[in-house]
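work-v8.pdb (PDB, N, CA and C atoms) appears below.
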```pdb
ATOM      1  N   MET A 147      16.341  99.386  58.681
ATOM      2  CA  MET A 147      17.466  98.999  59.511
ATOM      3  C   MET A 147      17.843 100.168  60.410
ATOM      4  N   THR A 148      18.169  99.900  61.650
ATOM      5  CA  THR A 148      18.541 100.919  62.622
ATOM      6  C   THR A 148      19.948 101.428  62.341
ATOM      7  N   LYS A 149      20.103 102.755  62.429
ATOM      8  CA  LYS A 149      21.430 103.355  62.249
ATOM      9  C   LYS A 149      22.120 103.393  63.607
ATOM     10  N   LEU A 150      23.275 102.791  63.699
ATOM     11  CA  LEU A 150      24.033 102.769  64.946
ATOM     12  C   LEU A 150      24.775 104.081  65.140
ATOM     13  N   LYS A 151      25.012 104.434  66.393
ATOM     14  CA  LYS A 151      25.753 105.663  66.705
ATOM     15  C   LYS A 151      27.219 105.547  66.322
ATOM     16  N   LEU A 152      27.746 104.345  66.406
ATOM     17  CA  LEU A 152      29.152 104.128  66.103
ATOM     18  C   LEU A 152      29.318 103.908  64.614
ATOM     19  N   GLY A 153      30.206 104.690  64.014
ATOM     20  CA  GLY A 153      30.465 104.550  62.579
ATOM     21  C   GLY A 153      31.607 103.596  62.324
ATOM     22  N   THR A 154      32.262 103.769  61.209
ATOM     23  CA  THR A 154      33.386 102.894  60.878
ATOM     24  C   THR A 154      34.530 103.116  61.858
ATOM     25  N   ILE A 155      35.244 102.069  62.132
ATOM     26  CA  ILE A 155      36.374 102.123  63.060
ATOM     27  C   ILE A 155      37.638 102.388  62.242
ATOM     28  N   PRO A 156      38.360 103.473  62.561
ATOM     29  CA  PRO A 156      39.582 103.772  61.803
ATOM     30  C   PRO A 156      40.667 102.744  62.094
ATOM     31  N   ASP A 157      41.554 102.546  61.143
ATOM     32  CA  ASP A 157      42.681 101.640  61.313
ATOM     33  C   ASP A 157      43.725 102.344  62.169
ATOM     34  N   ASP A 158      43.824 101.938  63.429
ATOM     35  CA  ASP A 158      44.768 102.558  64.353
ATOM     36  C   ASP A 158      46.032 101.727  64.525
ATOM     37  N   LYS A 159      46.230 100.768  63.646
ATOM     38  CA  LYS A 159      47.423  99.937  63.744
ATOM     39  C   LYS A 159      48.652 100.811  63.493
ATOM     40  N   PRO A 160      49.622 100.786  64.407
ATOM     41  CA  PRO A 160      50.827 101.592  64.210
ATOM     42  C   PRO A 160      51.562 101.184  62.934
ATOM     43  N   VAL A 161      52.186 102.138  62.318
ATOM     44  CA  VAL A 161      52.999 101.905  61.129
ATOM     45  C   VAL A 161      54.444 102.184  61.514
ATOM     46  N   LYS A 162      55.299 101.215  61.315
ATOM     47  CA  LYS A 162      56.702 101.383  61.678
ATOM     48  C   LYS A 162      57.442 102.082  60.544
ATOM     49  N   LEU A 163      58.157 103.132  60.901
ATOM     50  CA  LEU A 163      58.979 103.863  59.943
ATOM     51  C   LEU A 163      60.417 103.862  60.433
ATOM     52  N   ASN A 164      61.334 103.752  59.514
ATOM     53  CA  ASN A 164      62.755 103.898  59.840
ATOM     54  C   ASN A 164      63.176 105.269  59.358
ATOM     55  N   ILE A 165      63.772 106.052  60.249
ATOM     56  CA  ILE A 165      64.145 107.413  59.888
ATOM     57  C   ILE A 165      65.607 107.677  60.219
ATOM     58  N   GLU A 166      66.142 108.679  59.577
ATOM     59  CA  GLU A 166      67.473 109.183  59.903
ATOM     60  C   GLU A 166      67.306 110.637  60.293
ATOM     61  N   LEU A 167      67.849 110.994  61.448
ATOM     62  CA  LEU A 167      67.791 112.372  61.926
ATOM     63  C   LEU A 167      69.184 112.979  61.870
ATOM     64  N   PRO A 168      69.272 114.251  61.538
ATOM     65  CA  PRO A 168      70.559 114.929  61.680
ATOM     66  C   PRO A 168      70.985 114.871  63.154
ATOM     67  N   ALA A 169      72.282 114.804  63.391
ATOM     68  CA  ALA A 169      72.799 114.664  64.756
ATOM     69  C   ALA A 169      72.299 115.767  65.680
ATOM     70  N   ASP A 170      72.228 117.013  65.192
ATOM     71  CA  ASP A 170      71.789 118.103  66.067
ATOM     72  C   ASP A 170      70.316 117.952  66.455
ATOM     73  N   ILE A 171      69.491 117.443  65.563
ATOM     74  CA  ILE A 171      68.079 117.224  65.909
ATOM     75  C   ILE A 171      67.965 116.084  66.914
ATOM     76  N   HIS A 172      68.782 115.039  66.749
ATOM     77  CA  HIS A 172      68.752 113.940  67.716
ATOM     78  C   HIS A 172      69.179 114.423  69.100
ATOM     79  N   ARG A 173      70.237 115.250  69.150
ATOM     80  CA  ARG A 173      70.671 115.794  70.446
ATOM     81  C   ARG A 173      69.552 116.611  71.089
ATOM     82  N   ASP A 174      68.866 117.421  70.285
ATOM     83  CA  ASP A 174      67.753 118.216  70.815
ATOM     84  C   ASP A 174      66.603 117.329  71.279
ATOM     85  N   LEU A 175      66.341 116.252  70.556
ATOM     86  CA  LEU A 175      65.278 115.326  70.948
ATOM     87  C   LEU A 175      65.607 114.661  72.282
ATOM     88  N   VAL A 176      66.861 114.264  72.455
ATOM     89  CA  VAL A 176      67.303 113.670  73.722
ATOM     90  C   VAL A 176      67.184 114.699  74.843
ATOM     91  N   ALA A 177      67.607 115.936  74.581
ATOM     92  CA  ALA A 177      67.500 116.997  75.589
ATOM     93  C   ALA A 177      66.041 117.267  75.934
ATOM     94  N   TYR A 178      65.168 117.237  74.935
ATOM     95  CA  TYR A 178      63.738 117.456  75.176
ATOM     96  C   TYR A 178      63.176 116.328  76.042
ATOM     97  N   ALA A 179      63.562 115.093  75.746
ATOM     98  CA  ALA A 179      63.104 113.954  76.548
ATOM     99  C   ALA A 179      63.571 114.094  77.995
ATOM    100  N   ASP A 180      64.805 114.551  78.185
ATOM    101  CA  ASP A 180      65.324 114.767  79.541
ATOM    102  C   ASP A 180      64.541 115.860  80.261
ATOM    103  N   ALA A 181      64.278 116.968  79.574
ATOM    104  CA  ALA A 181      63.518 118.068  80.176
ATOM    105  C   ALA A 181      62.105 117.617  80.525
ATOM    106  N   LEU A 182      61.495 116.845  79.645
ATOM    107  CA  LEU A 182      60.145 116.337  79.898
ATOM    108  C   LEU A 182      60.135 115.390  81.096
ATOM    109  N   ALA A 183      61.178 114.574  81.217
ATOM    110  CA  ALA A 183      61.285 113.654  82.351
ATOM    111  C   ALA A 183      61.404 114.425  83.663
ATOM    112  N   ARG A 184      62.185 115.511  83.652
ATOM    113  CA  ARG A 184      62.308 116.330  84.865
ATOM    114  C   ARG A 184      60.976 116.975  85.222
ATOM    115  N   GLU A 185      60.237 117.422  84.207
ATOM    116  CA  GLU A 185      58.971 118.111  84.445
ATOM    117  C   GLU A 185      57.867 117.163  84.882
ATOM    118  N   THR A 186      57.812 115.982  84.281
ATOM    119  CA  THR A 186      56.696 115.066  84.549
ATOM    120  C   THR A 186      57.055 113.943  85.513
ATOM    121  N   GLY A 187      58.352 113.712  85.709
ATOM    122  CA  GLY A 187      58.767 112.599  86.549
ATOM    123  C   GLY A 187      58.644 111.256  85.840
ATOM    124  N   GLN A 188      58.387 111.280  84.547
ATOM    125  CA  GLN A 188      58.224 110.056  83.764
ATOM    126  C   GLN A 188      59.251 110.037  82.640
ATOM    127  N   LYS A 189      60.147 109.038  82.674
ATOM    128  CA  LYS A 189      61.188 108.938  81.648
ATOM    129  C   LYS A 189      60.604 108.303  80.392
ATOM    130  N   ASN A 190      60.875 108.916  79.245
ATOM    131  CA  ASN A 190      60.443 108.390  77.953
ATOM    132  C   ASN A 190      61.641 108.289  77.031
ATOM    133  N   GLU A 191      61.648 107.269  76.211
ATOM    134  CA  GLU A 191      62.667 107.163  75.172
ATOM    135  C   GLU A 191      62.439 108.297  74.181
ATOM    136  N   PRO A 192      63.485 108.953  73.724
ATOM    137  CA  PRO A 192      63.318 110.048  72.768
ATOM    138  C   PRO A 192      62.490 109.657  71.540
ATOM    139  N   ALA A 193      62.656 108.437  71.036
ATOM    140  CA  ALA A 193      61.903 108.002  69.851
ATOM    141  C   ALA A 193      60.397 108.006  70.099
ATOM    142  N   LYS A 194      59.980 107.786  71.345
ATOM    143  CA  LYS A 194      58.550 107.769  71.673
ATOM    144  C   LYS A 194      57.933 109.163  71.611
ATOM    145  N   LEU A 195      58.756 110.200  71.580
ATOM    146  CA  LEU A 195      58.245 111.571  71.532
ATOM    147  C   LEU A 195      57.947 112.034  70.107
ATOM    148  N   ILE A 196      58.496 111.345  69.121
ATOM    149  CA  ILE A 196      58.375 111.813  67.739
ATOM    150  C   ILE A 196      56.930 111.846  67.272
ATOM    151  N   ALA A 197      56.169 110.776  67.488
ATOM    152  CA  ALA A 197      54.773 110.742  67.020
ATOM    153  C   ALA A 197      53.923 111.825  67.681
ATOM    154  N   PRO A 198      53.979 111.983  69.020
ATOM    155  CA  PRO A 198      53.181 113.058  69.616
ATOM    156  C   PRO A 198      53.607 114.445  69.137
ATOM    157  N   MET A 199      54.910 114.636  68.897
ATOM    158  CA  MET A 199      55.379 115.931  68.394
ATOM    159  C   MET A 199      54.840 116.197  66.991
ATOM    160  N   LEU A 200      54.905 115.193  66.126
ATOM    161  CA  LEU A 200      54.379 115.355  64.769
ATOM    162  C   LEU A 200      52.873 115.576  64.788
ATOM    163  N   ALA A 201      52.172 114.818  65.637
ATOM    164  CA  ALA A 201      50.718 114.972  65.728
ATOM    165  C   ALA A 201      50.361 116.378  66.182
ATOM    166  N   ARG A 202      51.071 116.874  67.188
ATOM    167  CA  ARG A 202      50.818 118.223  67.696
ATOM    168  C   ARG A 202      51.125 119.269  66.624
ATOM    169  N   PHE A 203      52.235 119.082  65.933
ATOM    170  CA  PHE A 203      52.622 120.013  64.876
ATOM    171  C   PHE A 203      51.549 120.079  63.789
ATOM    172  N   MET A 204      51.114 118.921  63.312
ATOM    173  CA  MET A 204      50.116 118.903  62.235
ATOM    174  C   MET A 204      48.755 119.398  62.709
ATOM    175  N   ALA A 205      48.399 119.102  63.963
ATOM    176  CA  ALA A 205      47.104 119.535  64.495
ATOM    177  C   ALA A 205      47.030 121.043  64.662
ATOM    178  N   THR A 206      48.174 121.692  64.830
ATOM    179  CA  THR A 206      48.172 123.138  65.050
ATOM    180  C   THR A 206      48.628 123.929  63.826
ATOM    181  N   ASP A 207      48.871 123.251  62.718
ATOM    182  CA  ASP A 207      49.285 123.920  61.484
ATOM    183  C   ASP A 207      48.036 124.349  60.717
ATOM    184  N   ARG A 208      47.734 125.626  60.752
ATOM    185  CA  ARG A 208      46.508 126.134  60.124
ATOM    186  C   ARG A 208      46.493 125.911  58.620
ATOM    187  N   GLY A 209      47.631 126.074  57.976
ATOM    188  CA  GLY A 209      47.705 125.851  56.536
ATOM    189  C   GLY A 209      47.391 124.407  56.176
ATOM    190  N   PHE A 210      47.907 123.484  56.972
ATOM    191  CA  PHE A 210      47.637 122.067  56.741
ATOM    192  C   PHE A 210      46.162 121.760  56.968
ATOM    193  N   ALA A 211      45.594 122.311  58.042
ATOM    194  CA  ALA A 211      44.172 122.086  58.329
ATOM    195  C   ALA A 211      43.309 122.595  57.184
ATOM    196  N   LYS A 212      43.653 123.762  56.660
ATOM    197  CA  LYS A 212      42.882 124.327  55.546
ATOM    198  C   LYS A 212      43.020 123.450  54.307
ATOM    199  N   ALA A 213      44.224 123.004  54.026
ATOM    200  CA  ALA A 213      44.443 122.148  52.854
ATOM    201  C   ALA A 213      43.668 120.840  52.978
ATOM    202  N   ARG A 214      43.666 120.253  54.176
ATOM    203  CA  ARG A 214      42.914 119.012  54.387
ATOM    204  C   ARG A 214      41.423 119.267  54.237
ATOM    205  N   LYS A 215      40.955 120.395  54.792
ATOM    206  CA  LYS A 215      39.533 120.736  54.711
ATOM    207  C   LYS A 215      39.131 120.949  53.255
ATOM    208  N   ASP A 216      39.951 121.687  52.525
ATOM    209  CA  ASP A 216      39.662 121.974  51.120
ATOM    210  C   ASP A 216      39.650 120.707  50.268
ATOM    211  N   SER A 217      40.442 119.709  50.670
ATOM    212  CA  SER A 217      40.476 118.468  49.896
ATOM    213  C   SER A 217      39.422 117.477  50.367
ATOM    214  N   GLY A 218      38.621 117.874  51.363
ATOM    215  CA  GLY A 218      37.551 117.013  51.850
ATOM    216  C   GLY A 218      37.975 116.015  52.904
ATOM    217  N   ARG A 219      39.209 116.095  53.361
ATOM    218  CA  ARG A 219      39.681 115.194  54.413
ATOM    219  C   ARG A 219      39.756 115.950  55.717
ATOM    220  N   ARG A 220      39.365 115.313  56.785
ATOM    221  CA  ARG A 220      39.338 115.945  58.093
ATOM    222  C   ARG A 220      40.673 115.788  58.809
ATOM    223  N   VAL A 221      41.109 116.828  59.471
ATOM    224  CA  VAL A 221      42.312 116.749  60.300
ATOM    225  C   VAL A 221      41.886 116.226  61.654
ATOM    226  N   THR A 222      42.488 115.141  62.091
ATOM    227  CA  THR A 222      42.145 114.578  63.386
ATOM    228  C   THR A 222      43.349 114.685  64.300
ATOM    229  N   PRO A 223      43.339 115.666  65.207
ATOM    230  CA  PRO A 223      44.476 115.801  66.110
ATOM    231  C   PRO A 223      44.592 114.585  67.007
ATOM    232  N   ARG A 224      45.778 114.054  67.092
ATOM    233  CA  ARG A 224      46.022 112.886  67.899
ATOM    234  C   ARG A 224      47.356 113.068  68.586
ATOM    235  N   VAL A 225      47.385 112.897  69.871
ATOM    236  CA  VAL A 225      48.634 113.168  70.573
ATOM    237  C   VAL A 225      49.155 111.911  71.260
ATOM    238  N   ASP A 226      49.137 110.803  70.563
ATOM    239  CA  ASP A 226      49.720 109.584  71.084
ATOM    240  C   ASP A 226      50.268 108.771  69.929
ATOM    241  N   GLY A 227      51.127 107.854  70.227
ATOM    242  CA  GLY A 227      51.533 106.948  69.223
ATOM    243  C   GLY A 227      52.933 107.049  68.616
ATOM    244  N   PRO A 228      53.879 106.590  67.391
ATOM    245  CA  PRO A 228      55.230 106.904  66.937
ATOM    246  C   PRO A 228      55.347 107.749  65.724
ATOM    247  N   SER A 229      56.822 108.966  63.294
ATOM    248  CA  SER A 229      58.146 109.460  63.028
ATOM    249  C   SER A 229      58.359 110.039  61.640
ATOM    250  N   ARG A 230      59.342 110.763  61.266
ATOM    251  CA  ARG A 230      59.641 111.308  59.946
ATOM    252  C   ARG A 230      60.292 110.219  59.090
ATOM    253  N   SER A 231      59.790 110.007  57.931
ATOM    254  CA  SER A 231      60.210 108.864  57.127
ATOM    255  C   SER A 231      61.292 109.201  56.111
ATOM    256  N   SER A 232      62.199 108.266  55.922
ATOM    257  CA  SER A 232      63.181 108.372  54.849
ATOM    258  C   SER A 232      62.838 107.365  53.759
ATOM    259  N   GLY A 233      61.658 106.890  53.789
ATOM    260  CA  GLY A 233      61.136 105.882  52.879
ATOM    261  C   GLY A 233      60.027 105.203  53.627
ATOM    262  N   ALA A 234      59.311 104.292  53.124
ATOM    263  CA  ALA A 234      58.258 103.681  53.933
ATOM    264  C   ALA A 234      58.192 102.214  53.810
TER     265      ALA A 234
END
```
For the structure just supplied, provide its representation as structure tokens.
Amino acid sequence: MTKLKLGTIPDDKPVKLNIELPADIHRDLVAYADALARETGQKNEPAKLIAPMLARFMATDRGFAKARKDSGRRVTPRVDGPSRSSGA
């Protein structure tokens, strides 16, 4: 049987999380969204920034990358999509 170049397709279905943020973090998130809108000319809802921020944070955390590598799981940096969970 021929081996195809394309392997298994990861489940990219978004997972909805409900979170609670401290008021000061929410204010900073809103301010960040405003600053980003001024810089890019594209307005985004603050909630839409949470997933890319978390993805960027985890992708650049060397300790996390090492822990994932040591456990046999690959870190896949992804900079799109939605949040911090207070339950799931």
Two-atom distance - atom C of Leu175 (chain A), CA of Ala201 (chain A) (Å):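 Between these atoms lies a distance of 16.3 Å.
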Atomic distance CA of Glu166 (chain A) - atom N of Arg202 (chain A), expressed in Å with one decimal: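 For CA of Glu166 (chain A) relative to atom N of Arg202 (chain A), the distance reads 19.5 Å.
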Nearest to Tyr178 (chain A) by atom-to-atom distance, counting only C-alpha atoms, from A:Pro156, A:Ala213, A:Asn164, A:Met199: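 Of A:Pro156, A:Ala213, A:Asn164, A:Met199, the one nearest Tyr178 (chain A), counting only C-alpha atoms, is A:Met199.
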Two-atom distance - atom N of Ala181 (chain A), CA of Leu195 (chain A) (Å):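 Between atom N of Ala181 (chain A) and CA of Leu195 (chain A) the gap works out to 11.4 Å.
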First collect every listed atom of region 157-170 of chain A; then fit an axis-aligned box around them, widen it by 8 Å on each side, and give centre and edge lengths in Å to one decimal, as AutoDock Vina command-line options.
```
--center_x 57.2 --center_y 109.0 --center_z 62.9 --size_x 47.2 --size_y 34.2 --size_z 23.1
```
Residue members of the PyMOL selection byres (((chain A and resi 193 and name CA) around 9) and name CA) in the file shown, as a PyMOL selection string: chain A and resi 175-176+190-192+194-197+228-229
